[in-house]
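Participant: My file is coords26.pdb. It has PDB, C-alpha atoms:
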ATOM      1  CA  MET A   1      -1.700  -6.803   7.129
ATOM      2  CA  GLY A   2      -3.156  -3.993   9.221
ATOM      3  CA  GLU A   3      -0.797  -4.600  12.104
ATOM      4  CA  LEU A   4       2.250  -4.652   9.849
ATOM      5  CA  TYR A   5       1.469  -1.918   7.386
ATOM      6  CA  ALA A   6      -1.716   0.054   8.118
ATOM      7  CA  PRO A   7      -2.056   0.280  11.902
ATOM      8  CA  GLN A   8      -5.346   2.184  12.099
ATOM      9  CA  VAL A   9      -7.802   0.558  14.534
ATOM     10  CA  TYR A  10     -10.361  -0.147  11.826
ATOM     11  CA  HIS A  11      -7.715  -2.362  10.209
ATOM     12  CA  THR A  12      -6.397  -4.043  13.365
ATOM     13  CA  ASP A  13      -8.981  -4.324  16.129
ATOM     14  CA  PRO A  14     -12.414  -5.875  15.438
ATOM     15  CA  GLU A  15     -13.861  -4.475  18.678
ATOM     16  CA  ALA A  16     -12.513  -0.944  18.363
ATOM     17  CA  ALA A  17     -13.484  -0.956  14.696
ATOM     18  CA  LEU A  18     -17.134  -1.188  15.725
ATOM     19  CA  ASP A  19     -16.864   2.344  17.086
ATOM     20  CA  THR A  20     -15.540   3.803  13.862
ATOM     21  CA  ARG A  21     -17.480   5.015  10.846
ATOM     22  CA  TYR A  22     -16.997   1.573   9.299
ATOM     23  CA  ARG A  23     -18.805  -0.313  12.088
ATOM     24  CA  GLY A  24     -16.431  -3.221  11.774
ATOM     25  CA  LEU A  25     -13.046  -4.459  10.694
ATOM     26  CA  ILE A  26     -12.156  -3.458   7.142
ATOM     27  CA  ALA A  27      -9.200  -4.289   4.934
ATOM     28  CA  SER A  28      -6.586  -1.703   4.131
ATOM     29  CA  LYS A  29      -6.758  -0.601   0.514
ATOM     30  CA  TRP A  30      -3.183  -1.854   0.234
ATOM     31  CA  HIS A  31      -4.361  -5.248   1.403
ATOM     32  CA  VAL A  32      -6.907  -5.183  -1.413
ATOM     33  CA  CYS A  33      -4.098  -4.150  -3.764
ATOM     34  CA  ALA A  34      -2.037  -7.137  -2.577
ATOM     35  CA  ILE A  35      -4.948  -9.508  -3.126
ATOM     36  CA  TRP A  36      -5.411  -8.069  -6.581
ATOM     37  CA  MET A  37      -1.746  -8.913  -7.234
ATOM     38  CA  ARG A  38      -2.265 -12.451  -5.982
ATOM     39  CA  LEU A  39      -5.232 -12.895  -8.270
ATOM     40  CA  MET A  40      -3.147 -11.534 -11.144
ATOM     41  CA  VAL A  41      -0.365 -14.017 -10.395
ATOM     42  CA  ASN A  42      -2.845 -16.873 -10.196
ATOM     43  CA  TYR A  43      -4.161 -15.829 -13.581
ATOM     44  CA  MET A  44      -0.710 -15.429 -15.116
ATOM     45  CA  GLU A  45       0.429 -18.821 -13.863
ATOM     46  CA  ASN A  46      -2.464 -20.377 -15.692
ATOM     47  CA  TYR A  47      -2.409 -18.398 -18.885
ATOM     48  CA  ALA A  48       0.949 -16.677 -19.402
ATOM     49  CA  LEU A  49       4.509 -17.750 -20.097
ATOM     50  CA  GLY A  50       7.554 -16.332 -18.353
ATOM     51  CA  VAL A  51       6.060 -15.871 -14.903
ATOM     52  CA  GLU A  52       8.565 -18.049 -13.088
ATOM     53  CA  ASP A  53      11.746 -16.627 -14.537
ATOM     54  CA  GLY A  54      10.699 -12.992 -14.413
ATOM     55  CA  ARG A  55      10.276 -12.462 -18.133
ATOM     56  CA  ARG A  56       6.750 -11.403 -17.326
ATOM     57  CA  ASN A  57       6.142  -9.106 -14.387
ATOM     58  CA  GLY A  58       4.058  -6.243 -13.128
ATOM     59  CA  ALA A  59       6.440  -3.422 -14.061
ATOM     60  CA  GLY A  60       4.677  -0.439 -15.505
ATOM     61  CA  VAL A  61       1.276  -1.136 -14.061
ATOM     62  CA  ARG A  62      -0.744   1.956 -13.463
ATOM     63  CA  ILE A  63      -3.549   1.884 -10.908
ATOM     64  CA  GLU A  64      -6.642   4.009 -11.163
ATOM     65  CA  THR A  65      -8.923   4.591  -8.183
ATOM     66  CA  TRP A  66     -10.410   2.335  -5.575
ATOM     67  CA  SER A  67     -14.135   2.738  -5.163
ATOM     68  CA  CYS A  68     -15.311   1.157  -1.917
ATOM     69  CA  SER A  69     -14.174  -0.412   1.321
ATOM     70  CA  SER A  70     -13.777  -4.146   1.658
ATOM     71  CA  ARG A  71     -15.443  -5.427   4.807
ATOM     72  CA  SER A  72     -13.956  -8.309   6.737
ATOM     73  CA  SER A  73     -17.047 -10.387   6.083
ATOM     74  CA  GLN A  74     -16.764 -10.099   2.316
ATOM     75  CA  ALA A  75     -15.126 -12.868   0.364
ATOM     76  CA  THR A  76     -12.535 -12.045  -2.274
ATOM     77  CA  ARG A  77     -11.971 -15.007  -4.490
TER      78      ARG A  77
ATOM     79  CA  MET B  78      12.361   1.309   6.561
ATOM     80  CA  LYS B  79      14.830  -1.405   5.673
ATOM     81  CA  MET B  80      13.533  -4.030   3.277
ATOM     82  CA  GLU B  81      14.452  -7.278   5.008
ATOM     83  CA  ALA B  82      14.662 -10.457   2.942
ATOM     84  CA  THR B  83      12.386 -12.286   5.358
ATOM     85  CA  ASP B  84       9.666  -9.622   4.996
ATOM     86  CA  ILE B  85       9.998  -9.599   1.207
ATOM     87  CA  ARG B  86       9.629 -13.384   1.139
ATOM     88  CA  SER B  87       6.706 -13.631   3.529
ATOM     89  CA  PHE B  88       4.776 -10.900   1.725
ATOM     90  CA  ALA B  89       5.469 -12.526  -1.640
ATOM     91  CA  ILE B  90       4.459 -16.017  -0.599
ATOM     92  CA  LYS B  91       1.112 -14.691   0.517
ATOM     93  CA  PHE B  92       0.376 -12.087  -2.117
ATOM     94  CA  ASP B  93       2.820 -12.161  -5.020
ATOM     95  CA  PRO B  94       4.382 -15.608  -5.403
ATOM     96  CA  GLN B  95       6.669 -14.893  -8.317
ATOM     97  CA  THR B  96      10.055 -16.507  -7.767
ATOM     98  CA  TYR B  97      12.159 -13.320  -7.845
ATOM     99  CA  HIS B  98      10.158 -12.097  -4.837
ATOM    100  CA  PHE B  99      10.813 -15.118  -2.594
ATOM    101  CA  ASP B 100      13.845 -17.019  -3.926
ATOM    102  CA  ARG B 101      17.153 -15.155  -3.939
ATOM    103  CA  GLU B 102      18.784 -17.420  -6.502
ATOM    104  CA  ALA B 103      15.827 -17.122  -8.811
ATOM    105  CA  GLY B 104      15.892 -13.366  -8.268
ATOM    106  CA  GLU B 105      19.553 -13.194  -9.218
ATOM    107  CA  ALA B 106      18.844 -15.213 -12.347
ATOM    108  CA  SER B 107      15.900 -13.021 -13.317
ATOM    109  CA  LEU B 108      15.747  -9.697 -15.123
ATOM    110  CA  PHE B 109      15.871  -7.985 -11.741
ATOM    111  CA  ASP B 110      19.237  -9.481 -10.752
ATOM    112  CA  GLY B 111      18.376  -9.865  -7.080
ATOM    113  CA  LEU B 112      15.689 -10.616  -4.530
ATOM    114  CA  CYS B 113      13.208  -7.819  -4.957
ATOM    115  CA  ALA B 114      10.032  -6.746  -3.215
ATOM    116  CA  SER B 115       6.597  -6.994  -4.718
ATOM    117  CA  GLY B 116       5.264  -3.633  -5.822
ATOM    118  CA  SER B 117       2.307  -4.270  -3.526
ATOM    119  CA  HIS B 118       4.781  -4.730  -0.682
ATOM    120  CA  VAL B 119       6.360  -1.372  -1.474
ATOM    121  CA  ALA B 120       2.886   0.179  -1.418
ATOM    122  CA  ALA B 121       2.216  -1.410   1.968
ATOM    123  CA  VAL B 122       5.536  -0.115   3.307
ATOM    124  CA  MET B 123       4.594   3.341   2.041
ATOM    125  CA  MET B 124       1.348   3.127   4.011
ATOM    126  CA  LYS B 125       3.261   2.118   7.138
ATOM    127  CA  LEU B 126       5.664   5.037   6.761
ATOM    128  CA  VAL B 127       2.807   7.490   6.191
ATOM    129  CA  SER B 128       0.758   6.037   9.057
ATOM    130  CA  ASP B 129       3.661   6.315  11.490
ATOM    131  CA  GLN B 130       4.383   9.905  10.514
ATOM    132  CA  LEU B 131       0.723  10.919  10.822
ATOM    133  CA  ALA B 132       0.617   9.232  14.248
ATOM    134  CA  ARG B 133       3.744  11.077  15.369
ATOM    135  CA  GLU B 134       2.114  14.338  14.356
ATOM    136  CA  LYS B 135      -1.132  13.278  16.065
ATOM    137  CA  ILE B 136      -3.116  13.604  12.841
ATOM    138  CA  PRO B 137      -5.997  11.109  13.001
ATOM    139  CA  LEU B 138      -6.316   9.270   9.719
ATOM    140  CA  ILE B 139      -9.898   8.062   9.617
ATOM    141  CA  GLY B 140     -10.191   6.745   6.128
ATOM    142  CA  ARG B 141      -9.227   6.551   2.587
ATOM    143  CA  GLY B 142      -9.990   8.600  -0.413
ATOM    144  CA  GLN B 143      -9.383   7.887  -3.998
ATOM    145  CA  VAL B 144      -5.996   6.915  -5.313
ATOM    146  CA  SER B 145      -6.068   8.818  -8.572
ATOM    147  CA  TRP B 146      -2.806   7.331  -9.851
ATOM    148  CA  LEU B 147       0.101   5.224  -8.687
ATOM    149  CA  GLU B 148       3.277   4.287 -10.496
ATOM    150  CA  TRP B 149       6.292   2.148  -9.748
ATOM    151  CA  TYR B 150       9.565   3.420 -11.159
ATOM    152  CA  ARG B 151      12.337   1.260  -9.723
ATOM    153  CA  THR B 152      12.700  -2.105  -8.127
ATOM    154  CA  ALA B 153      13.125  -2.316  -4.350
ATOM    155  CA  PHE B 154      15.703  -4.923  -3.362
ATOM    156  CA  GLU B 155      16.515  -6.612  -0.088
ATOM    157  CA  GLY B 156      18.616  -4.312   2.035
ATOM    158  CA  ASP B 157      17.195  -1.147   0.495
ATOM    159  CA  HIS B 158      16.084   1.581   2.858
ATOM    160  CA  LEU B 159      12.828   3.146   1.757
ATOM    161  CA  SER B 160      11.546   6.501   2.894
ATOM    162  CA  ALA B 161       8.353   8.323   2.030
ATOM    163  CA  HIS B 162       7.792  12.003   1.438
ATOM    164  CA  MET B 163       4.295  13.411   1.442
ATOM    165  CA  THR B 164       3.300  16.752  -0.042
ATOM    166  CA  ILE B 165      -0.178  18.052   0.706
ATOM    167  CA  THR B 166      -1.504  19.673  -2.434
ATOM    168  CA  ASP B 167      -5.031  20.572  -1.377
ATOM    169  CA  ARG B 168      -7.455  20.220   1.474
ATOM    170  CA  SER B 169     -11.193  20.519   1.867
ATOM    171  CA  ARG B 170     -13.836  19.964   4.487
ATOM    172  CA  SER B 171     -16.391  17.315   3.734
ATOM    173  CA  GLU B 172     -19.553  18.849   2.332
ATOM    174  CA  ASN B 173     -21.996  16.739   4.301
ATOM    175  CA  LYS B 174     -19.961  15.689   7.309
ATOM    176  CA  THR B 175     -18.485  18.014   9.870
ATOM    177  CA  ASP B 176     -16.075  15.650  11.536
ATOM    178  CA  HIS B 177     -13.594  15.171   8.779
ATOM    179  CA  GLY B 178     -11.879  16.710   5.863
ATOM    180  CA  LEU B 179      -9.953  15.464   2.894
ATOM    181  CA  ILE B 180      -6.359  16.205   2.124
ATOM    182  CA  GLU B 181      -5.001  15.562  -1.310
ATOM    183  CA  CYS B 182      -1.407  14.539  -1.311
ATOM    184  CA  ASP B 183       1.408  13.409  -3.509
ATOM    185  CA  ILE B 184       3.487  10.697  -1.898
ATOM    186  CA  ALA B 185       6.866   9.612  -3.213
ATOM    187  CA  VAL B 186       8.929   6.664  -2.004
ATOM    188  CA  HIS B 187      12.687   6.844  -2.473
ATOM    189  CA  ASN B 188      15.483   4.405  -1.804
ATOM    190  CA  GLN B 189      18.724   5.110   0.045
ATOM    191  CA  GLU B 190      20.237   6.535  -3.135
ATOM    192  CA  GLN B 191      17.363   9.014  -3.339
ATOM    193  CA  LYS B 192      16.087   7.305  -6.447
ATOM    194  CA  LYS B 193      12.317   7.301  -6.829
ATOM    195  CA  VAL B 194      10.832   3.836  -6.365
ATOM    196  CA  MET B 195       7.125   4.596  -6.331
ATOM    197  CA  ALA B 196       4.808   7.567  -6.289
ATOM    198  CA  LEU B 197       1.099   8.119  -6.037
ATOM    199  CA  SER B 198      -1.509  10.788  -5.646
ATOM    200  CA  THR B 199      -4.247  10.107  -3.153
ATOM    201  CA  GLU B 200      -6.843  11.606  -0.883
ATOM    202  CA  LEU B 201      -6.716  10.909   2.830
ATOM    203  CA  MET B 202      -9.653  11.407   5.155
ATOM    204  CA  ILE B 203      -8.542  13.256   8.247
ATOM    205  CA  GLU B 204     -10.498  13.887  11.432
ATOM    206  CA  SER B 205     -11.039  17.602  11.713
ATOM    207  CA  LYS B 206     -12.037  20.093  14.316
ATOM    208  CA  ARG B 207     -15.599  21.342  14.287
ATOM    209  CA  PRO B 208     -16.068  24.419  12.064
ATOM    210  CA  GLU B 209     -16.682  26.632  15.105
ATOM    211  CA  ASP B 210     -13.231  25.725  16.373
ATOM    212  CA  ASP B 211     -11.548  27.260  13.348
TER     213      ASP B 211
END
Would you give me this structure, written as structure tokens?

Facilitator:
Amino acid sequence: MGELYAPQVYHTDPEAALDTRYRGLIASKWHVCAIWMRLMVNYMENYALGVEDGRRNGAGVRIETWSCSSRSSQATR
Amino acid sequence: MKMEATDIRSFAIKFDPQTYHFDREAGEASLFDGLCASGSHVAAVMMKLVSDQLAREKIPLIGRGQVSWLEWYRTAFEGDHLSAHMTITDRSRSENKTDHGLIECDIAVHNQEQKKVMALSTELMIESKRPEDD
């Protein structure tokens, strides 16, 4: 994700990332956003109708603030 | 940046597996009437466009700030060309750190018809010169 869309070293290079303020590889906030979408889809597939044919979708979502970095060692379920 | 079908599909399969994001026929049969990119994919493309421009201008982006709001306005389809325009609305030096400052910016993503696809307001953490260099 870092290499394709957020090419800062702290998103792409575990070694170089050690020398940044983050002291390690971290996920781009847009990677976190994408994972949030995946978790939403997983949820919708289980509990909502209309996911497959597009009757239900993410249009109109409004995002408010990220609060902290996601380290590469953290698990996001 | 051109939105290629293969990129739309691969992003969707990993992060947004709704059929209109990875199956053209399903996309054409859906409300969107075509294979369309995940909104998260559009956000990622925005970050790539911003990152490349900051790199060209040799502005070191060293971190994130808050994203105070983000909205999607239009669907991005395969074949669309997306561009990003960033307006810096404010800037400040970090209160307790001397090596960086924050810029507040409004970023808008448009398609090839100059229609707004997505916009957000965010802070970006930028490496700065030492105060004595000002």

Participant: Give the answer as one residue: which of A:Leu18, A:Leu39, A:Ala34, A:Tyr47 has the shortest atom-to-atom distance to chain B, using all atoms listed in the file?

Facilitator: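 Of the candidates, the smallest distance to chain B is held by A:Ala34.
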
Participant: Run the PyMOL selection byres ((chain B) within 6 of (chain A)) mentally over the shown coordinates, then write out the matched residues as an NGL selection string, using the chain letters and numbers from the document.

Facilitator: :B and (92-93 or 96 or 107 or 117 or 121 or 124-125 or 143-148)

Participant: Around the point (11.9, -5.6, 0.8) (coordinates from the file), which residues reach within 10 Å if we count only C-alpha atoms? Answer as a count of residues only.

Facilitator: 29

Participant: Please report the interatomic distance between atom CA of Asp176 of chain B and atom CA of Ala120 of chain B in Å with one decimal.

Facilitator: 27.7 Å

Participant: Excluding Lys192 of chain B and residues on its chain fewer than 5 positions from it, collect all residues at most 10 Å away from it, counting all atoms listed in the file, and give them as a PyMOL selection string.

Facilitator: chain B and resi 150-151+159+186-187

Participant: Please indicate the distance in Å from atom CA of Thr166 of chain B to atom CA of Cys182 of chain B, rounded to one decimal place.

Facilitator: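 Atom-to-atom, atom CA of Thr166 of chain B and atom CA of Cys182 of chain B are spaced 5.3 Å apart.
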
Participant: Which residues are close to segment 134-136 of chain B, i.e. within 12 Å by all atoms listed in the file, leaving aside same-chain residues fewer than 5 positions away? Reply as number ranges by chain.

Facilitator: A: 8; B: 127-129, 177-178, 180, 201-206

Participant: Mind writing the picked residues with C-alpha atoms as a tab-separated table (two decimals), keeping the file's coordinate frame?

Facilitator:
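Saved result, again.tsv, follows:
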chain	number	residue	atom	x	y	z
A	8	GLN	CA	-5.35	2.18	12.10
B	127	VAL	CA	2.81	7.49	6.19
B	128	SER	CA	0.76	6.04	9.06
B	129	ASP	CA	3.66	6.32	11.49
B	177	HIS	CA	-13.59	15.17	8.78
B	178	GLY	CA	-11.88	16.71	5.86
B	180	ILE	CA	-6.36	16.20	2.12
B	201	LEU	CA	-6.72	10.91	2.83
B	202	MET	CA	-9.65	11.41	5.16
B	203	ILE	CA	-8.54	13.26	8.25
B	204	GLU	CA	-10.50	13.89	11.43
B	205	SER	CA	-11.04	17.60	11.71
B	206	LYS	CA	-12.04	20.09	14.32

Participant: For atom CA of Ile184 of chain B and atom CA of Asp110 of chain B, determine how far apart the two atoms are, in Å to one decimal place.

Facilitator: 27.1 Å

Participant: Missing atoms in segment 134-148 of chain B need filling: write out N, CA and C atoms for it as a compact mmCIF listing (two decimals), keeping the file's coordinate frame.

Facilitator:
# COMPACT_ATOMS: atom_id res chain seq x y z
N GLU B 134 2.60 12.96 14.38
CA GLU B 134 2.11 14.34 14.36
C GLU B 134 0.70 14.45 14.91
N LYS B 135 0.20 13.34 15.45
CA LYS B 135 -1.13 13.28 16.07
C LYS B 135 -2.22 13.74 15.10
N ILE B 136 -2.10 13.32 13.86
CA ILE B 136 -3.12 13.60 12.84
C ILE B 136 -3.93 12.33 12.66
N PRO B 137 -5.21 12.35 13.09
CA PRO B 137 -6.00 11.11 13.00
C PRO B 137 -6.44 10.81 11.57
N LEU B 138 -5.92 9.73 11.05
CA LEU B 138 -6.32 9.27 9.72
C LEU B 138 -7.55 8.39 9.90
N ILE B 139 -8.67 8.82 9.36
CA ILE B 139 -9.90 8.06 9.62
C ILE B 139 -10.43 7.38 8.36
N GLY B 140 -9.72 7.48 7.29
CA GLY B 140 -10.19 6.74 6.13
C GLY B 140 -9.43 7.08 4.88
N ARG B 141 -9.88 6.42 3.88
CA ARG B 141 -9.23 6.55 2.59
C ARG B 141 -9.96 7.55 1.73
N GLY B 142 -9.32 7.92 0.68
CA GLY B 142 -9.99 8.60 -0.41
C GLY B 142 -9.59 7.88 -1.66
N GLN B 143 -9.77 8.52 -2.75
CA GLN B 143 -9.38 7.89 -4.00
C GLN B 143 -7.87 7.92 -4.17
N VAL B 144 -7.36 6.89 -4.79
CA VAL B 144 -6.00 6.92 -5.31
C VAL B 144 -6.13 7.22 -6.79
N SER B 145 -5.80 8.44 -7.18
CA SER B 145 -6.07 8.82 -8.57
C SER B 145 -5.03 8.22 -9.52
N TRP B 146 -3.80 8.06 -9.05
CA TRP B 146 -2.81 7.33 -9.85
C TRP B 146 -1.71 6.82 -8.95
N LEU B 147 -1.03 5.81 -9.42
CA LEU B 147 0.10 5.22 -8.69
C LEU B 147 1.04 4.63 -9.72
N GLU B 148 2.32 4.89 -9.56
CA GLU B 148 3.28 4.29 -10.50
C GLU B 148 4.50 3.78 -9.75
